[in-house]
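These notes concern the structure reproduced below.
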Amino acid sequence: MSSHTDHRDGPRDECGVFGIYGPEHDVARLAYFALFALQHRGQESAGIAAAARGGNMMAIRDQGLVAQVFDEHTLQSLEGEMAIGHVRYSTTGSSQWQNAQPVVRDDRRTLALAHNGNLINAVELYAELRDEGVEFASTSDSEIIATLLARHPAERIEDAVADVVSRLRGAFSTVALTDEAVIAFRDPYGLRPLSLGVIEPQDDVRPPAYCIASESCAFDLIGARYLRDVQPGEVIILTEGGLRTRTVGGAQRSALCVFEHIYFARPDSRMGGNVLQVSRARMGEILWREAPVEADVVIPVPDSGNAATRGLARAAGLPQDDGFIKNRYVARTFIQPGQELRRHGLRLKFNPLPEVVAGKRLVVVDDSIVRGNTTRQIVAMLREAGAKEIHLRISAPPIKHPCHYGIDMSTREEMIAHGRTVEEVAAELGCDSLHYLSMEGVYEAIGGSREASERTRSVHCDACFTGSYPLAGTEAAHGKHALEAQLPLIRA
Ligand code: SF4
């Protein structure tokens with residue numbers, strides 16, 4: 001019997017989006033490989049929509065990994081010059097087929113849409129559209145955006161986008177597809193990442209093919225070159241005429257999710273000029289500077305602690321080793337291990353190596369702690385394997401506040417750092433010492449220097465650490481799955 005047991009304890013990734021306008025290319029295949037590169041951002045469902053200019057649109061989406069949803073036959077059925085794609089981990093709207101994306105709406109115009117983020121006014125917009133007689137097929141806030149755009153009376157899609165964006169509140173990095181354009185737009189705060197890339201033509205005759213992706217690692221896989229980040233509040237329109245851009249939604253302070261740098265994005269992605277692997281290693285160096293300790297060896301919690309471990313071990317002059325071997329094939333939806341096996345707990349995913357850890361004073365590095373269940377088990381396993389001392393070093397500050405911008409991080413009460421001092425958390429986890437990287441340390445690592453720290457801070461969201469939400473009214477907003485929870489009330 002399968003169940004939805006979740007073997008991850010950290011904050012969960014949200015979604016990945018991709019879009020391309022490429023008349024000279026097999027766009028569905030490129031979308032497939034781009035989504036494959038973005039798979040870490042969502043493993044619940046995958047989908048691609050393709051369209052020919054002035055012609056038909058076709059979308060295929062289903063639950064499962066990219067490689068499970070598509071095969072040669074389905075890819076070949078996705079014809080056209082333009083395509084968008086999506087991988088999903090559910091934030092608003094539960095995990096079910098109807099909530100897979102791209103969403104397709106057919107009204108004044110036919111439009112497919114893929115969205116990464118979370119609207120904090122989804123319930124209000126949903127109720128309003130229902131009052132106007134709109135029927136929804138899903139419980140995802142992405143369908144609300146698609147509906148507003150498909151129904152919009154403006155002749156040009158970019159004018160519709162400009163108007164609709166002014167009604168949306170929250171996080172949205174979005175790609176949409178019509179029968180004439182691929183349109184990408186990012187909320188005025190730029191909460192979730194979005195990048196622009198290009199596939200250069202082989203000759204001077206053919207036009208370049210522009211593409212959009214949540215992360216630049218998608219470009220590397222399909223032979224595209226990363227050009228730049230899409231700006232907060234920017235709309236990019238890709239058509240037969242090439243690339244056009246405009247700004248909507250008013251000037252706001254940029255507030256990119258700082259957690260993308262710490263954990264979500266792939267280490268080979270670029271964000272704000274940084275390759276994340278490098279800034280994560282710097283986080284490890286600063287962690288050591290902030291809290292050195294007498295120790296024998298540094299080990300990561302794989303893979304989330306890998307990059308910071310390298311930086312910390314380098315700064316400490318200590319050897320690093322693999323204290324755990326990780327099974328990379330533990331899926332989010334998994335057969336229940338049953339009573340007997342459950343006693344072995346996390347060994348399903350991590351197996352400690354006594355030969356590395358026994359009798360040693362360990363520095364154990366990870367990127368974050370949310371509930372603390374996984375970390376507690378990791379500490380227990382290391383003790384059982386004979387570790388002499390366990391000094392936990394976390395390359396992010398304590399998480400104390402929920403995210404309303406597209407990351408699933410459980411409620412405040414479930415967070416181990418909520419209402420506890422660092423010493424109390426250390427006691428809960430059973431480690432000998434615990435240090436969280438300071439907020440200043442995070443920004444120093446991202447910005448590249450202490451001087452750059454304040455400037456870097458001013459363009460990021462760090463609300464889950466500090467409680468300071470960039471959008472006014474966020475705290476009063478409806479939480480995760482609010483739309484679903486409120487549906488019976490709205491429909492009544
Ligand atoms: S609250 Fe935290 S996880 Fe959410 S967008 Fe802000 S920094 Fe990212």
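Residues are referred to by chain and number: the chain letter is A, B, ... according to the order shown in the structure tokens, the number counts from 1 in that chain, and ligands are numbered separately from 1 in the order shown.
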Exercise for the section: Using only C-alpha atoms and all ligand atoms, find each protein or nucleic acid residue lying at most 10 Å from ligand 1; present the set as a PyMOL selection string. Expected result: chain A and resi 11-14+117-118+170-171+190-192+255-264+399-409+460-470
Export of the given selection (N, CA and C atoms) as a tab-separated table (two decimals), in the first residue's frame:
chain	number	residue	atom	x	y	z
A	11	PRO	N	12.44	22.37	4.80
A	11	PRO	CA	11.45	23.10	4.02
A	11	PRO	C	11.33	22.45	2.66
A	12	ARG	N	10.14	22.39	2.11
A	12	ARG	CA	9.99	21.68	0.85
A	12	ARG	C	9.98	22.61	-0.33
A	13	ASP	N	10.62	22.17	-1.38
A	13	ASP	CA	10.73	22.94	-2.61
A	13	ASP	C	9.33	23.19	-3.14
A	14	GLU	N	9.24	24.19	-3.99
A	14	GLU	CA	7.93	24.52	-4.51
A	14	GLU	C	7.78	24.04	-5.93
A	117	GLY	N	5.03	29.86	-6.95
A	117	GLY	CA	4.79	30.90	-5.95
A	117	GLY	C	3.53	30.63	-5.18
A	118	ASN	N	2.99	31.65	-4.58
A	118	ASN	CA	1.77	31.51	-3.79
A	118	ASN	C	1.09	32.87	-3.69
A	170	GLY	N	1.29	38.56	-3.68
A	170	GLY	CA	2.04	37.38	-3.27
A	170	GLY	C	3.18	37.11	-4.22
A	171	ALA	N	3.54	35.83	-4.30
A	171	ALA	CA	4.72	35.44	-5.08
A	171	ALA	C	4.28	34.77	-6.37
A	190	GLY	N	9.78	40.06	-6.79
A	190	GLY	CA	10.73	39.04	-7.27
A	190	GLY	C	11.00	37.98	-6.22
A	191	LEU	N	9.94	37.53	-5.54
A	191	LEU	CA	10.12	36.60	-4.42
A	191	LEU	C	10.70	35.25	-4.86
A	192	ARG	N	10.19	34.73	-5.96
A	192	ARG	CA	10.71	33.46	-6.47
A	192	ARG	C	11.59	33.77	-7.69
A	255	ALA	N	12.77	41.42	-3.32
A	255	ALA	CA	12.77	40.59	-2.11
A	255	ALA	C	12.89	39.11	-2.49
A	256	LEU	N	13.95	38.77	-3.19
A	256	LEU	CA	14.16	37.37	-3.57
A	256	LEU	C	14.32	36.52	-2.31
A	257	CYS	N	13.71	35.37	-2.33
A	257	CYS	CA	13.79	34.41	-1.21
A	257	CYS	C	15.25	34.06	-0.91
A	258	VAL	N	15.70	34.39	0.29
A	258	VAL	CA	17.10	34.12	0.63
A	258	VAL	C	17.36	32.62	0.73
A	259	PHE	N	16.30	31.86	0.97
A	259	PHE	CA	16.43	30.40	1.08
A	259	PHE	C	16.82	29.74	-0.24
A	260	GLU	N	16.55	30.44	-1.34
A	260	GLU	CA	17.00	29.90	-2.64
A	260	GLU	C	18.52	29.78	-2.61
A	261	HIS	N	19.18	30.79	-2.06
A	261	HIS	CA	20.64	30.77	-1.97
A	261	HIS	C	21.13	29.68	-1.01
A	262	ILE	N	20.39	29.53	0.08
A	262	ILE	CA	20.85	28.62	1.13
A	262	ILE	C	20.60	27.17	0.74
A	263	TYR	N	19.45	26.91	0.10
A	263	TYR	CA	19.07	25.51	-0.03
A	263	TYR	C	18.31	25.13	-1.30
A	264	PHE	N	17.25	25.90	-1.68
A	264	PHE	CA	16.35	25.37	-2.70
A	264	PHE	C	17.01	25.17	-4.06
A	399	ILE	N	14.78	28.86	11.97
A	399	ILE	CA	13.51	29.14	11.27
A	399	ILE	C	12.41	29.24	12.32
A	400	LYS	N	11.76	30.40	12.37
A	400	LYS	CA	10.78	30.63	13.43
A	400	LYS	C	9.41	31.08	12.91
A	401	HIS	N	9.33	31.38	11.62
A	401	HIS	CA	8.09	31.95	11.09
A	401	HIS	C	7.68	31.22	9.81
A	402	PRO	N	6.38	31.10	9.55
A	402	PRO	CA	5.94	30.40	8.33
A	402	PRO	C	6.20	31.24	7.08
A	403	CYS	N	6.28	30.54	5.95
A	403	CYS	CA	6.43	31.23	4.67
A	403	CYS	C	5.07	31.29	4.00
A	404	HIS	N	4.70	32.44	3.47
A	404	HIS	CA	3.44	32.55	2.73
A	404	HIS	C	3.69	32.77	1.25
A	405	TYR	N	4.94	32.54	0.84
A	405	TYR	CA	5.30	32.88	-0.54
A	405	TYR	C	5.72	31.64	-1.35
A	406	GLY	N	5.13	30.49	-1.00
A	406	GLY	CA	5.33	29.35	-1.87
A	406	GLY	C	6.20	28.24	-1.32
A	407	ILE	N	6.68	28.36	-0.07
A	407	ILE	CA	7.48	27.28	0.51
A	407	ILE	C	6.68	26.64	1.64
A	408	ASP	N	6.64	25.32	1.64
A	408	ASP	CA	5.90	24.60	2.66
A	408	ASP	C	6.84	24.34	3.84
A	409	MET	N	6.60	25.05	4.95
A	409	MET	CA	7.52	24.91	6.09
A	409	MET	C	6.81	24.64	7.39
A	460	HIS	N	16.50	41.04	-0.38
A	460	HIS	CA	16.05	39.67	-0.16
A	460	HIS	C	14.91	39.61	0.85
A	461	CYS	N	14.15	38.52	0.77
A	461	CYS	CA	13.17	38.18	1.80
A	461	CYS	C	13.85	37.21	2.77
A	462	ASP	N	13.72	37.49	4.08
A	462	ASP	CA	14.22	36.54	5.08
A	462	ASP	C	13.17	36.35	6.18
A	463	ALA	N	11.91	36.46	5.78
A	463	ALA	CA	10.82	36.50	6.76
A	463	ALA	C	10.74	35.25	7.64
A	464	CYS	N	11.09	34.09	7.09
A	464	CYS	CA	10.96	32.88	7.93
A	464	CYS	C	11.99	32.88	9.06
A	465	PHE	N	13.05	33.68	8.92
A	465	PHE	CA	14.04	33.81	9.99
A	465	PHE	C	13.73	35.00	10.90
A	466	THR	N	13.31	36.10	10.28
A	466	THR	CA	13.19	37.36	11.02
A	466	THR	C	11.75	37.75	11.36
A	467	GLY	N	10.78	37.18	10.65
A	467	GLY	CA	9.38	37.58	10.86
A	467	GLY	C	9.03	38.87	10.15
A	468	SER	N	9.98	39.41	9.38
A	468	SER	CA	9.73	40.68	8.69
A	468	SER	C	9.31	40.38	7.25
A	469	TYR	N	8.00	40.39	7.00
A	469	TYR	CA	7.47	40.03	5.68
A	469	TYR	C	7.50	41.23	4.74
A	470	PRO	N	8.03	41.05	3.52
A	470	PRO	CA	8.13	42.20	2.61
A	470	PRO	C	6.78	42.75	2.15
Pull the closest atom pair for each residue of region 222-254 of chain A that gets at most 12 Å from region 20-36 of chain A, along with the distance in Å to one decimal, counting only C-alpha atoms, ordering rows by chain and then ascending residue number, as CSV.
residue,atom,partner,partner_atom,distance
A:Ile222,CA,A:Leu30,CA,6.2
A:Gly223,CA,A:Leu30,CA,9.4
A:Ala224,CA,A:Leu30,CA,10.0
A:Ile236,CA,A:Ile20,CA,11.4
A:Ile237,CA,A:Tyr21,CA,9.6
A:Leu238,CA,A:Tyr21,CA,6.2
A:Thr239,CA,A:Tyr21,CA,6.9
A:Glu240,CA,A:Tyr21,CA,8.2
A:Gly241,CA,A:Tyr21,CA,10.6
A:Gly242,CA,A:Tyr21,CA,8.8
A:Leu243,CA,A:Tyr21,CA,9.4
Filtering to C-alpha atoms, could you give me those residues as a CSV table (one decimal), in the first residue's frame?
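The result, written out as result_1.csv:
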chain,number,residue,atom,x,y,z
A,222,ILE,CA,19.7,22.5,-23.3
A,223,GLY,CA,22.6,24.4,-24.7
A,224,ALA,CA,21.2,27.8,-23.8
A,236,ILE,CA,8.9,39.4,-21.0
A,237,ILE,CA,7.1,38.7,-24.3
A,238,LEU,CA,8.5,36.3,-26.8
A,239,THR,CA,6.9,36.3,-30.2
A,240,GLU,CA,7.7,36.0,-33.9
A,241,GLY,CA,9.2,39.5,-33.6
A,242,GLY,CA,11.7,38.5,-30.9
A,243,LEU,CA,11.9,39.6,-27.3
Exercise for the section: Go through A:Arg282, A:Arg393, A:Arg244, A:Arg167 and flag the residue nearest Ala184 (chain A), using only C-alpha atoms for the distances. Expected result: A:Arg244
Practice task
Rounded to one decimal place, report the CA of Gln39 (chain A)-CA of Ser279 (chain A) distance in Å.
Solution key: 21.9 Å
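Among the candidates A:Met82, A:Ala426, A:Met283, A:Ala122, the residue lying nearest to Gly55 (chain A) is A:Met82 (atoms considered: only C-alpha atoms).
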Fill in the blank from the handout: Among A:Ile286, A:Val425, A:Ala114, A:Leu196, Ala445 (chain A) is approached most closely, using only C-alpha atoms, by A:Ile286
Exercise for the section: Tell me, as a PyMOL selection string, which residues lie within 12 Å of Ala213 (chain A), counting only C-alpha atoms; anything in the same chain fewer than 2 positions away does not count. Expected result: chain A and resi 15-20+30-31+33-38+41+83-87+114-116+173-175+183-186+192-198+210-211+215-222+224-230+265+269-271
Practice task
Name the residues of region 138-327 of chain A that come out as strand (DSSP E or B) in a backbone DSSP run; write them as a PyMOL selection string.
Solution key: chain A and resi 170-177+182-186+195-199+209-213+225-229+234-239+242-247+256-257+270-271+274-275+297-300+320+324-326
Handout entry: Residue neighbourhood region 416-421 of chain A, 6 Å, only C-alpha atoms, exclusion window fewer than 4 positions, as an NGL selection string
Key = :A and (371-372 or 398 or 400)
Would you put the residues from that selection into a file with N, CA and C atoms, as a PDB file, in the first residue's frame?
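That gives us part39.pdb:
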ATOM      1  N   ARG A 371      11.477  21.111  11.657  1.00  0.00           N
ATOM      2  CA  ARG A 371      10.860  20.459  12.828  1.00  0.00           C
ATOM      3  C   ARG A 371      11.917  19.861  13.756  1.00  0.00           C
ATOM      4  N   GLY A 372      12.990  19.396  13.160  1.00  0.00           N
ATOM      5  CA  GLY A 372      14.073  18.830  13.964  1.00  0.00           C
ATOM      6  C   GLY A 372      14.032  17.316  14.058  1.00  0.00           C
ATOM      7  N   PRO A 398      17.979  30.223  12.774  1.00  0.00           N
ATOM      8  CA  PRO A 398      16.826  29.415  13.185  1.00  0.00           C
ATOM      9  C   PRO A 398      15.551  29.836  12.438  1.00  0.00           C
ATOM     10  N   LYS A 400      11.761  30.401  12.367  1.00  0.00           N
ATOM     11  CA  LYS A 400      10.776  30.632  13.432  1.00  0.00           C
ATOM     12  C   LYS A 400       9.414  31.079  12.914  1.00  0.00           C
TER      13      LYS A 400
END
Exercise for the section: May I ask for the distance between CA of Ala181 (chain A) and CA of Met57 (chain A), given in Å to one decimal place? Expected result: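 Separation of CA of Ala181 (chain A) and CA of Met57 (chain A): 11.8 Å.
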Exercise for the section: Choose the residue, out of A:Leu125, A:Ala308, A:Val442, A:Leu119, that has the smallest atom-to-atom separation from Arg457 (chain A); count only C-alpha atoms. Expected result: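 Checking each candidate against Arg457 (chain A), we get A:Val442 as the closest.
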